[in-house]
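**Q** Take a look at the following structure, please.
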Amino acid sequence: MYLGKVIGTVVATRKDENLIGSKLMITQPLNMELEPIGEPLIAVDTVGAGIGELVIFTKGTAARIAARKMDAPIDISIVGIVDQLTIDHWDSRDGS
Amino acid sequence: MYLGKVIGTVVATRKDENLIGSKLMITQPLNMELEPIGEPLIAVDTVGAGIGELVIFTKGTAARIAARKMDAPIDISIVGIVDQLTIDHWDSRDGS
Amino acid sequence: MYLGKVIGTVVATRKDENLIGSKLMITQPLNMELEPIGEPLIAVDTVGAGIGELVIFTKGTAARIAARKMDAPIDISIVGIVDQLTIDHWDSRDGS
Amino acid sequence: MYLGKVIGTVVATRKDENLIGSKLMITQPLNMELEPIGEPLIAVDTVGAGIGELVIFTKGTAARIAARKMDAPIDISIVGIVDQLTIDHWDSRDGS
Amino acid sequence: MYLGKVIGTVVATRKDENLIGSKLMITQPLNMELEPIGEPLIAVDTVGAGIGELVIFTKGTAARIAARKMDAPIDISIVGIVDQLTIDHWDSRDGS
């Protein structure tokens with residue numbers, strides 16, 4: 001899964017009917033310093049995430065599993081809201 | 001899902017027979033400022049998208065689900081036409 | 001799907017037996033100006049594509065669907081030969 | 001599969017209920033010189049990996065297989081702890 | 001599929017039990033001039049590839065198909081050993 005922040009929403013009236021009822025959130029991928037990496041994506045919210053929240057998102061079939069909509073054309077979903085990130089080992093080359 | 005704009009069409013007479021009847025649209029991925037990111041892709045239109053329209057597209061198995069053609073070799077489909085993008089939080093490091 | 005050009009072939013005598021009979025074509029991904037983007041891939045031909053032809057290729061499960069070989073370890077296939085590319089909207093920010 | 005190092009953990013109280021009980025480890029992808037490549041990911045631990053350990057991780061459906069949770073929205077899992085890396089051929093253009 | 005060269009091996013004693021018996025080969029992706037592109041990956045050998053050999057590898061579900069282990073967390077496998085690469089069309093913009 002990936003770290004991101006919900007930064008906005010998308011409204012699409014004409015869309016696949018299996019997307020009706022799914023909230024489409026613009027989600028900015030972040031690194032572990034909470035800096036943006038790459039461009040924002042459009043993710044289906046499955047956990048009640050609000051604007052500005054730090055979230056975990058998932059891609060591919062996992063996104064449809066999260067949405068409990070295996071027949072919807074969903075490939076990215078928000079699956080958790082982050083309470084805490086703990087980094088212990090920044091330097092990958094130190095001992096253990 | 002991803003944001004894009006339909007910028008053209010592809011005609012292929014010799015092709016997988018399960019692609020017959022699918023409209024192949026050249027789709028330019030965009031960022032949330034509507035600037036091009038990366039190279040255009042070839043997406044199957046499933047929502048009646050026209051040239052110049054701002055769309056949502058999906059990848060992988062989700063693309064076949066959108067096309068209602070699980071036996072077609074489709075890996076990218078247009079699944080919605082964007083009415084409105086609302087961005088509330090550009091700065092990922094501001095408070096809430 | 002993606003645009004590419006067939007630029008060569010690969011011969012592999014020792015290989016997965018479910019690849020026997022599949023023609024392995026070296027395929028250069030192209031942008032819509034027909035310029036190379038990224039490195040060539042190895043795609044299974046499913047439409048009788050010849051060297052030098054402009055093709056559409058697909059990735060993942062879609063590639064096995066195209067090959068009608070769901071039990072073969074195929075992840076990229078050529079699914080169409082391009083007759084015509086029509087680009088109408090290069091500037092993603094013009095009005096439409 | 002990919003090489004990585006476990007560098008931290010993520011706590012998410014509000015999350016997909018099928019993620020309950022899965023340990024979410026912040027995992028830094030590494031190259032074969034054990035240098036960081038790209039940004040850290042959030043992987044489900046399936047082998048009892050600890051902070052600082054060198055691990056093998058997998059993506060997509062393989063990640064759900066590793067977790068023995070096909071109905072969980074998991075797309076990255078840790079599947080092994082590395083004891084030894086042996087590199088014999090750095091130069092790809094030498095003879096044999 | 002992708003071109004690569006087997007450059008080493010990985011030993012992991014603690015691992016997913018469905019990986020037991022799978023040989024984990026460090027595989028360097030190559031371009032068609034046999035130059036390294038990107039970082040080495042960890043692929044399951046399914047064709048008896050040796051160190052230094054030029055191979056074809058595949059990703060995703062195709063990798064489990066190659067390994068005949070649909071319940072193993074495998075996402076990259078070696079599926080062929082290259083005998084010959086023939087490039088006929090380097091310039092993507094020449095005529096034919």
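Chains: A, B, ... in order of the structure tokens. Residues: from 1 per chain. Ligands: from 1, in order shown.
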Could you list, as a ChimeraX atom specification, every residue within 9 Å of stretch 36-39 of chain C, counting only C-alpha atoms and ignoring same-chain residues fewer than 4 positions away?

**A** /B:39 /C:4-5,27-31 /E:30-32,37,91-93

**Q** Take the selection from the previous step and output its residues with all heavy atoms, as a short mmCIF file (atom, residue, chain, number, x, y, z; two decimals), in the first residue's frame.

**A**
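Written output follows (selection_0.cif):
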data_model
loop_
_atom_site.label_atom_id
_atom_site.label_comp_id
_atom_site.auth_asym_id
_atom_site.auth_seq_id
_atom_site.Cartn_x
_atom_site.Cartn_y
_atom_site.Cartn_z
N GLU B 39 3.15 10.13 -21.64
CA GLU B 39 2.73 10.01 -23.04
C GLU B 39 1.28 9.54 -23.14
O GLU B 39 0.77 8.87 -22.23
CB GLU B 39 3.64 9.00 -23.76
CG GLU B 39 5.10 9.42 -23.81
CD GLU B 39 5.36 10.59 -24.73
OE1 GLU B 39 4.45 10.95 -25.51
OE2 GLU B 39 6.47 11.14 -24.69
N GLY C 4 3.22 0.86 -30.41
CA GLY C 4 4.59 0.37 -30.56
C GLY C 4 4.91 0.01 -31.99
O GLY C 4 4.06 0.10 -32.87
N LYS C 5 6.16 -0.35 -32.19
CA LYS C 5 6.59 -0.80 -33.52
C LYS C 5 7.39 -2.09 -33.35
O LYS C 5 8.25 -2.18 -32.47
CB LYS C 5 7.48 0.27 -34.17
CG LYS C 5 7.87 -0.08 -35.60
CD LYS C 5 8.59 1.09 -36.25
CE LYS C 5 8.77 0.83 -37.74
NZ LYS C 5 9.33 2.03 -38.41
N THR C 27 9.38 -5.30 -29.42
CA THR C 27 8.45 -4.20 -29.73
C THR C 27 8.90 -2.93 -29.02
O THR C 27 9.04 -2.92 -27.80
CB THR C 27 7.03 -4.61 -29.27
OG1 THR C 27 6.69 -5.85 -29.91
CG2 THR C 27 6.01 -3.56 -29.67
N GLN C 28 9.13 -1.88 -29.80
CA GLN C 28 9.55 -0.59 -29.24
C GLN C 28 8.33 0.27 -28.95
O GLN C 28 7.59 0.63 -29.88
CB GLN C 28 10.47 0.12 -30.25
CG GLN C 28 10.82 1.55 -29.88
CD GLN C 28 11.63 1.66 -28.61
OE1 GLN C 28 12.70 1.08 -28.49
NE2 GLN C 28 11.11 2.39 -27.64
N PRO C 29 8.06 0.61 -27.70
CA PRO C 29 6.97 1.55 -27.40
C PRO C 29 7.23 2.91 -28.07
O PRO C 29 8.38 3.37 -28.11
CB PRO C 29 7.01 1.68 -25.87
CG PRO C 29 7.72 0.45 -25.38
CD PRO C 29 8.71 0.13 -26.46
N LEU C 30 6.19 3.51 -28.60
CA LEU C 30 6.29 4.80 -29.29
C LEU C 30 5.32 5.80 -28.69
O LEU C 30 4.27 5.42 -28.17
CB LEU C 30 5.94 4.64 -30.77
CG LEU C 30 6.72 3.65 -31.61
CD1 LEU C 30 6.17 3.63 -33.05
CD2 LEU C 30 8.20 4.01 -31.64
N ASN C 31 5.64 7.09 -28.82
CA ASN C 31 4.64 8.11 -28.51
C ASN C 31 3.82 8.41 -29.77
O ASN C 31 4.00 7.74 -30.80
CB ASN C 31 5.29 9.37 -27.91
CG ASN C 31 6.19 10.08 -28.88
OD1 ASN C 31 6.14 9.85 -30.08
ND2 ASN C 31 7.03 10.94 -28.34
N LEU E 30 17.74 -5.80 -18.91
CA LEU E 30 18.64 -5.29 -19.94
C LEU E 30 17.85 -4.68 -21.09
O LEU E 30 16.72 -5.09 -21.35
CB LEU E 30 19.48 -6.44 -20.53
CG LEU E 30 20.35 -7.26 -19.60
CD1 LEU E 30 21.07 -8.35 -20.41
CD2 LEU E 30 21.36 -6.40 -18.87
N ASN E 31 18.48 -3.74 -21.79
CA ASN E 31 17.88 -3.29 -23.05
C ASN E 31 18.38 -4.20 -24.19
O ASN E 31 19.10 -5.17 -23.94
CB ASN E 31 18.14 -1.80 -23.31
CG ASN E 31 19.61 -1.50 -23.52
OD1 ASN E 31 20.41 -2.40 -23.75
ND2 ASN E 31 19.96 -0.24 -23.40
N MET E 32 18.02 -3.87 -25.42
CA MET E 32 18.37 -4.78 -26.52
C MET E 32 19.83 -4.68 -26.94
O MET E 32 20.31 -5.48 -27.72
CB MET E 32 17.42 -4.55 -27.71
CG MET E 32 15.96 -4.85 -27.39
SD MET E 32 15.64 -6.60 -26.97
CE MET E 32 14.18 -6.42 -25.88
N ILE E 37 19.26 -1.82 -17.45
CA ILE E 37 18.26 -0.74 -17.32
C ILE E 37 17.53 -0.95 -15.99
O ILE E 37 16.95 -1.99 -15.73
CB ILE E 37 17.25 -0.72 -18.49
CG1 ILE E 37 16.66 -2.12 -18.78
CG2 ILE E 37 17.87 -0.17 -19.74
CD1 ILE E 37 15.51 -2.11 -19.79
N ASP E 91 15.38 2.43 -36.20
CA ASP E 91 14.78 3.76 -36.35
C ASP E 91 13.28 3.62 -36.52
O ASP E 91 12.78 3.15 -37.53
CB ASP E 91 15.36 4.47 -37.57
CG ASP E 91 14.74 5.85 -37.74
OD1 ASP E 91 13.87 6.22 -36.93
OD2 ASP E 91 15.14 6.54 -38.67
N SER E 92 12.55 4.06 -35.52
CA SER E 92 11.11 3.87 -35.54
C SER E 92 10.43 4.74 -36.59
O SER E 92 9.27 4.59 -36.86
CB SER E 92 10.51 4.17 -34.18
OG SER E 92 10.57 5.55 -33.93
N ARG E 93 11.16 5.70 -37.16
CA ARG E 93 10.51 6.59 -38.11
C ARG E 93 10.84 6.30 -39.56
O ARG E 93 10.44 7.01 -40.45
CB ARG E 93 10.85 8.04 -37.77
CG ARG E 93 9.98 8.54 -36.62
CD ARG E 93 10.49 9.83 -36.10
NE ARG E 93 11.79 9.65 -35.45
CZ ARG E 93 12.42 10.60 -34.78
NH1 ARG E 93 11.90 11.78 -34.69
NH2 ARG E 93 13.59 10.35 -34.22
#

**Q** Return as a ChimeraX atom specification the full set of residues in chain D whose backbone-based DSSP assignment is alpha helix (DSSP H).

**A** /D:61-67

**Q** Pick the closest to chain E from C:Leu24, C:Ile42, C:Leu3, C:Leu85: which is it, counting only C-alpha atoms?

**A**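 Looking at the shortest contact to chain E, the residue is C:Ile42.
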
**Q** Find the residues of chain C in contact range of chain E, meaning any atom within 8 Å when counting only C-alpha atoms, and list them as a compact mmCIF listing (two decimals) with C-alpha atoms, in the first residue's frame.

**A**
# COMPACT_ATOMS: atom_id res chain seq x y z
CA LYS C 5 6.59 -0.80 -33.52
CA VAL C 6 7.83 -4.33 -34.15
CA ILE C 7 11.61 -4.06 -34.52
CA GLY C 8 12.85 -7.63 -34.20
CA THR C 9 12.41 -11.16 -32.93
CA VAL C 10 13.66 -13.33 -30.07
CA VAL C 11 14.53 -17.01 -30.35
CA ALA C 12 14.48 -19.05 -27.13
CA THR C 13 14.76 -22.82 -27.44
CA ARG C 14 14.67 -23.56 -23.71
CA LYS C 15 11.44 -21.96 -22.48
CA ASP C 16 8.15 -22.56 -20.73
CA ILE C 26 10.76 -7.20 -29.92
CA GLN C 28 9.55 -0.59 -29.24
CA LEU C 30 6.29 4.80 -29.29
CA LEU C 34 6.11 7.79 -33.45
CA GLU C 35 9.22 8.50 -31.40
CA PRO C 36 10.64 5.72 -29.18
CA GLU C 39 13.11 0.42 -23.88
CA PRO C 40 11.83 -2.34 -26.22
CA LEU C 41 9.70 -5.12 -24.74
CA ILE C 42 9.12 -8.75 -25.76
CA ALA C 43 5.51 -9.19 -26.91
CA ILE C 51 8.70 -6.40 -38.70
CA GLY C 52 8.35 -2.62 -39.05
CA GLU C 53 4.60 -2.51 -38.47
CA GLY C 60 -1.07 -8.18 -17.95
CA THR C 61 -3.98 -10.60 -18.01
CA ASP C 71 -2.16 -20.98 -18.94
CA ALA C 72 0.85 -19.42 -20.66
CA PRO C 73 3.21 -17.03 -18.84
CA ILE C 74 2.48 -14.16 -21.23
CA ASP C 75 2.25 -10.58 -19.94
CA ILE C 76 2.55 -8.50 -23.14

**Q** Pull the strand (DSSP E or B) assignments for chain A out of DSSP run on the backbone, and list those residues as number ranges by chain.

**A** A: 2-11, 15, 24-30, 36, 41-45, 54-59, 76-81, 84-87

**Q** Work out how far apart atom CA of B:Glu33 and atom CA of A:Gly21 are and give it in Å to one decimal.

**A** 25.8 Å

**Q** At what distance in Å, to one decimal, does atom CA of C:Lys23 lie from atom CA of E:Val44?

**A**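 Between atom CA of E:Val44 and atom CA of C:Lys23 the gap is 23.0 Å.
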